[in-house]
Amino acid sequence: MTEQTSKRFAHKKVLVTGASQGIGEDVAMHFASEGAQVAINGRKAEKLEPLLNKLPKPVSGEHLIVAGDMSVEEDVDRVMKETLDGFDGLDVLICNAGMQIECPSDEISLKDFNMVMAVNVSGVVLCARAALKYWRGKDLPGNIIVNSSVHQQIPKPHYLGYSASKGAVGNIVRTLALEYARFDIRVNAVAPGAIVTPINDAWVKDPEKYEATAKHIPMKRPGECREISDAIAFLASKESSYITGQTLFVDGGLTLYADFEQNWSS
Ligand code: NAD
């Protein structure tokens, strides 16, 4: 998280899904440090309590824990209701919860494929549905930001569900953006490259694998969580007030065809 001196999000109410660790935790810290009231989601309330205790105090109101599984419709509906009731409103919805399962595609089980799609796609759709219904019902502006991935664009062999889900996210964002733009409801995504988070411990904590990963990235290093939080905060802020339907790639150049860094084709 970047040290924040401004309170850009004072009196703003923000929901972050999948906030118990990694990027989601950093995003929650970022918005709280800029003055927002933050509702933090994860599957288990007890895993969110340490974060609740360290969030900087909001300028007004209190932060909230809203536990629930983003792959389960009843849970998402309840989480959204608890957030809207608890905050008496919502300004920014950040759909960050996500997962992946590794498997060769000729052996993939439908159960695993559907599980990844349920969290990464249905979870986004269900959260967005509730937020949009709320904003439209009160004729309020709104802002949705989805945490996608460079695999929205780059294929990820052995992670078919993940590739399919993030590809879907790109078009969900564009479709919702077009449908709701005239109501001053903006919908965007960030697409992180390789970021230092607990799910990447296998290469982050192994110097050889870390070097091998860094070599593939044009900027020759993985990203930090705060570099994703900064981009999400930008998309939530007035500074991006005319931007909708976009995916902002935050990837150190990973989507620039790094293999073409040195000319080999002519
Ligand atoms: P992470 O595993 O550290 O965090 C994922 C969060 O989502 C956790 O808090 C987890 O509890 C939560 N979550 C998972 N399933 C859930 C469910 N069913 N209901 C509620 N919460 C659930 O991963 P991360 O790296 O911080 O990833 C966050 C987002 O960023 C994901 O959408 C991921 O696809 C995306 N992303 C990460 C990277 C990276 O390199 N770390 C790169 C590209 C995209």
# chains A, B, ... in the order shown; residues from 1 in each chain; ligands from 1

call {"tool": "residues_near_ligand", "arguments": {"ligand": "ligand 1", "cutoff": "7 Å", "atoms": "only C-alpha atoms and all ligand atoms", "output": "MDAnalysis selection string"}}
result
chainID A and resid 17:24 41:43 68:71 96:99 119:120 147:150 191:200

call {"tool": "select_by_dssp", "arguments": {"residues": "range 74-258 of chain A", "states": "helix (DSSP H, G or I)", "output": "PyMOL selection string"}}
result
chain A and resi 74-87+105-107+110-137+150-152+160-183+198-204+207-215+225-236+238-240+254-256+258

call {"tool": "select_by_dssp", "arguments": {"residues": "range 33-241 of chain A", "states": "strand (DSSP E)", "output": "ChimeraX atom specification"}}
result
/A:37-40,64-65,92-95,142-147,185-192

call {"tool": "closest_residue", "arguments": {"among": "A:Gly161, A:Pro141, A:Pro56, A:Gly253", "to": "Gln100 in chain A", "atoms": "only C-alpha atoms"}}
result
A:Gly161

call {"tool": "atom_distance", "arguments": {"atom1": "CA of Val66 in chain A", "atom2": "CA of Thr175 in chain A"}}
result
27.3 Å

call {"tool": "residues_around", "arguments": {"residues": "range 184-190 of chain A", "least_positions_apart": "4", "cutoff": "6 Å", "atoms": "only C-alpha atoms", "output": "VMD selection string"}}
result
chain A and resid 141 to 148 173 177 180 244 to 249

call {"tool": "write_last_selection", "arguments": {"atoms": "all heavy atoms", "output": "short mmCIF file (atom, residue, chain, number, x, y, z; two decimals), in the first residue's frame"}}
result
data_model
loop_
_atom_site.label_atom_id
_atom_site.label_comp_id
_atom_site.auth_asym_id
_atom_site.auth_seq_id
_atom_site.Cartn_x
_atom_site.Cartn_y
_atom_site.Cartn_z
N PRO A 141 -25.46 7.38 -8.93
CA PRO A 141 -24.31 6.94 -9.72
C PRO A 141 -23.64 5.75 -9.03
O PRO A 141 -23.92 5.49 -7.85
CB PRO A 141 -23.38 8.16 -9.69
CG PRO A 141 -23.74 8.89 -8.44
CD PRO A 141 -25.20 8.63 -8.19
N GLY A 142 -22.79 5.05 -9.74
CA GLY A 142 -22.11 3.91 -9.13
C GLY A 142 -20.81 3.61 -9.83
O GLY A 142 -20.51 4.17 -10.90
N ASN A 143 -20.03 2.72 -9.24
CA ASN A 143 -18.72 2.39 -9.79
C ASN A 143 -18.38 0.94 -9.46
O ASN A 143 -18.40 0.56 -8.29
CB ASN A 143 -17.68 3.34 -9.19
CG ASN A 143 -16.38 3.34 -9.96
OD1 ASN A 143 -15.98 2.31 -10.51
ND2 ASN A 143 -15.72 4.49 -10.01
N ILE A 144 -18.13 0.15 -10.49
CA ILE A 144 -17.74 -1.25 -10.29
C ILE A 144 -16.35 -1.45 -10.89
O ILE A 144 -16.09 -1.02 -12.02
CB ILE A 144 -18.73 -2.22 -10.99
CG1 ILE A 144 -20.14 -2.06 -10.40
CG2 ILE A 144 -18.26 -3.67 -10.86
CD1 ILE A 144 -21.21 -2.89 -11.12
N ILE A 145 -15.48 -2.09 -10.10
CA ILE A 145 -14.14 -2.42 -10.62
C ILE A 145 -13.90 -3.91 -10.37
O ILE A 145 -14.07 -4.39 -9.24
CB ILE A 145 -13.05 -1.57 -9.92
CG1 ILE A 145 -13.32 -0.08 -10.19
CG2 ILE A 145 -11.66 -1.96 -10.44
CD1 ILE A 145 -12.88 0.82 -9.10
N VAL A 146 -13.54 -4.62 -11.42
CA VAL A 146 -13.31 -6.06 -11.30
C VAL A 146 -11.82 -6.34 -11.42
O VAL A 146 -11.14 -5.74 -12.26
CB VAL A 146 -14.08 -6.84 -12.40
CG1 VAL A 146 -13.93 -8.34 -12.18
CG2 VAL A 146 -15.55 -6.45 -12.43
N ASN A 147 -11.32 -7.23 -10.57
CA ASN A 147 -9.93 -7.64 -10.68
C ASN A 147 -9.87 -8.80 -11.68
O ASN A 147 -10.27 -9.91 -11.37
CB ASN A 147 -9.38 -8.05 -9.32
CG ASN A 147 -7.86 -8.07 -9.33
OD1 ASN A 147 -7.23 -7.97 -10.39
ND2 ASN A 147 -7.27 -8.20 -8.16
N SER A 148 -9.40 -8.52 -12.87
CA SER A 148 -9.30 -9.54 -13.92
C SER A 148 -7.89 -10.14 -13.88
O SER A 148 -7.38 -10.47 -12.79
CB SER A 148 -9.63 -8.91 -15.27
OG SER A 148 -9.57 -9.87 -16.28
N VAL A 173 -17.49 -6.73 -18.22
CA VAL A 173 -17.20 -5.32 -17.91
C VAL A 173 -17.67 -4.42 -19.05
O VAL A 173 -18.32 -3.39 -18.83
CB VAL A 173 -15.69 -5.16 -17.61
CG1 VAL A 173 -15.25 -3.71 -17.72
CG2 VAL A 173 -15.36 -5.72 -16.23
N ALA A 177 -20.78 -1.87 -18.76
CA ALA A 177 -20.41 -0.46 -18.95
C ALA A 177 -21.33 0.19 -19.97
O ALA A 177 -21.84 1.31 -19.78
CB ALA A 177 -18.96 -0.35 -19.39
N TYR A 180 -25.04 0.60 -18.66
CA TYR A 180 -25.33 1.53 -17.54
C TYR A 180 -24.61 2.88 -17.64
O TYR A 180 -24.75 3.71 -16.74
CB TYR A 180 -25.01 0.84 -16.20
CG TYR A 180 -25.99 -0.29 -15.94
CD1 TYR A 180 -25.71 -1.59 -16.33
CD2 TYR A 180 -27.23 -0.03 -15.38
CE1 TYR A 180 -26.63 -2.61 -16.16
CE2 TYR A 180 -28.17 -1.04 -15.20
CZ TYR A 180 -27.86 -2.32 -15.60
OH TYR A 180 -28.79 -3.32 -15.42
N THR A 244 -14.92 4.33 -18.84
CA THR A 244 -15.78 3.17 -18.54
C THR A 244 -15.62 2.10 -19.60
O THR A 244 -15.29 2.39 -20.76
CB THR A 244 -17.25 3.59 -18.35
OG1 THR A 244 -17.93 2.50 -17.70
CG2 THR A 244 -17.96 3.93 -19.66
N GLY A 245 -15.80 0.86 -19.19
CA GLY A 245 -15.72 -0.28 -20.11
C GLY A 245 -14.30 -0.70 -20.44
O GLY A 245 -14.08 -1.49 -21.36
N GLN A 246 -13.33 -0.21 -19.66
CA GLN A 246 -11.92 -0.47 -19.98
C GLN A 246 -11.30 -1.51 -19.04
O GLN A 246 -11.72 -1.65 -17.90
CB GLN A 246 -11.11 0.82 -19.87
CG GLN A 246 -11.62 1.95 -20.74
CD GLN A 246 -11.69 1.56 -22.20
OE1 GLN A 246 -10.71 1.07 -22.76
NE2 GLN A 246 -12.84 1.77 -22.82
N THR A 247 -10.31 -2.20 -19.57
CA THR A 247 -9.46 -3.02 -18.71
C THR A 247 -8.08 -2.38 -18.69
O THR A 247 -7.47 -2.20 -19.75
CB THR A 247 -9.36 -4.47 -19.24
OG1 THR A 247 -10.66 -5.07 -19.17
CG2 THR A 247 -8.40 -5.29 -18.40
N LEU A 248 -7.65 -2.01 -17.52
CA LEU A 248 -6.34 -1.38 -17.36
C LEU A 248 -5.32 -2.47 -17.00
O LEU A 248 -5.40 -3.06 -15.92
CB LEU A 248 -6.42 -0.32 -16.26
CG LEU A 248 -5.16 0.44 -15.88
CD1 LEU A 248 -4.51 1.10 -17.09
CD2 LEU A 248 -5.49 1.50 -14.82
N PHE A 249 -4.43 -2.76 -17.94
CA PHE A 249 -3.41 -3.80 -17.70
C PHE A 249 -2.30 -3.22 -16.83
O PHE A 249 -1.70 -2.20 -17.19
CB PHE A 249 -2.88 -4.33 -19.03
CG PHE A 249 -3.87 -5.25 -19.71
CD1 PHE A 249 -4.93 -4.73 -20.45
CD2 PHE A 249 -3.79 -6.62 -19.56
CE1 PHE A 249 -5.87 -5.56 -21.03
CE2 PHE A 249 -4.73 -7.48 -20.15
CZ PHE A 249 -5.78 -6.94 -20.88
#

call {"tool": "atom_distance", "arguments": {"atom1": "CA of Glu224 in chain A", "atom2": "CA of Val16 in chain A"}}
result
18.1 Å

call {"tool": "residues_around", "arguments": {"residues": "Asp91 in chain A", "least_positions_apart": "6", "cutoff": "6 Å", "atoms": "only C-alpha atoms", "output": "number ranges by chain"}}
result
A: 12-14, 142

call {"tool": "write_last_selection", "arguments": {"atoms": "N, CA and C atoms", "output": "JSON list (two decimals), in the first residue's frame"}}
result
[["chain", "number", "residue", "atom", "x", "y", "z"],
["A", 12, "LYS", "N", -16.95, 7.88, 1.44],
["A", 12, "LYS", "CA", -17.30, 6.89, 0.41],
["A", 12, "LYS", "C", -17.39, 5.51, 1.06],
["A", 13, "LYS", "N", -18.30, 4.70, 0.51],
["A", 13, "LYS", "CA", -18.55, 3.35, 1.03],
["A", 13, "LYS", "C", -18.14, 2.35, -0.03],
["A", 14, "VAL", "N", -17.21, 1.45, 0.37],
["A", 14, "VAL", "CA", -16.57, 0.58, -0.61],
["A", 14, "VAL", "C", -16.66, -0.88, -0.14],
["A", 142, "GLY", "N", -22.79, 5.05, -9.74],
["A", 142, "GLY", "CA", -22.11, 3.91, -9.13],
["A", 142, "GLY", "C", -20.81, 3.61, -9.83]]

call {"tool": "closest_residue", "arguments": {"among": "A:Leu176, A:Gln153, A:Gly167, A:Asp139", "to": "Thr255 in chain A", "atoms": "only C-alpha atoms"}}
result
A:Gln153

call {"tool": "residues_around", "arguments": {"residues": "Lys7 in chain A", "least_positions_apart": "3", "cutoff": "7 Å", "atoms": "only C-alpha atoms", "output": "PyMOL selection string"}}
result
chain A and resi 10+34-35

call {"tool": "write_last_selection", "arguments": {"atoms": "N, CA, C and O atoms", "output": "mmCIF file, in the first residue's frame"}}
result
data_model
loop_
_atom_site.group_PDB
_atom_site.id
_atom_site.type_symbol
_atom_site.label_atom_id
_atom_site.label_comp_id
_atom_site.auth_asym_id
_atom_site.auth_seq_id
_atom_site.Cartn_x
_atom_site.Cartn_y
_atom_site.Cartn_z
ATOM 1 N N ALA A 10 -13.031 10.043 1.417
ATOM 2 C CA ALA A 10 -13.768 10.382 2.645
ATOM 3 C C ALA A 10 -15.264 10.278 2.378
ATOM 4 O O ALA A 10 -15.742 10.741 1.336
ATOM 5 N N GLU A 34 -7.344 6.166 2.611
ATOM 6 C CA GLU A 34 -7.799 7.392 1.927
ATOM 7 C C GLU A 34 -9.175 7.820 2.437
ATOM 8 O O GLU A 34 -9.890 8.576 1.782
ATOM 9 N N GLY A 35 -9.568 7.316 3.591
ATOM 10 C CA GLY A 35 -10.753 7.841 4.288
ATOM 11 C C GLY A 35 -12.032 7.063 4.140
ATOM 12 O O GLY A 35 -13.027 7.367 4.800
#

call {"tool": "residues_around", "arguments": {"residues": "range 84-88 of chain A", "least_positions_apart": "5", "cutoff": "9 Å", "atoms": "only C-alpha atoms", "output": "list in words"}}
result
Lys13, Gln37, Ala39, Gly61, Glu62, His63, Leu64, Val79, Ala131 and Tyr134 of chain A

call {"tool": "residues_around", "arguments": {"residues": "Leu51 in chain A", "least_positions_apart": "3", "cutoff": "10 Å", "atoms": "only C-alpha atoms", "output": "list of chain:residue names"}}
result
A:Ala19, A:Ser20, A:Gln21, A:Glu25, A:Asp26, A:Ala28, A:Met29, A:Ile40, A:Glu46, A:Lys47, A:Leu48, A:Lys54, A:Leu55, A:Pro56, A:Ile65
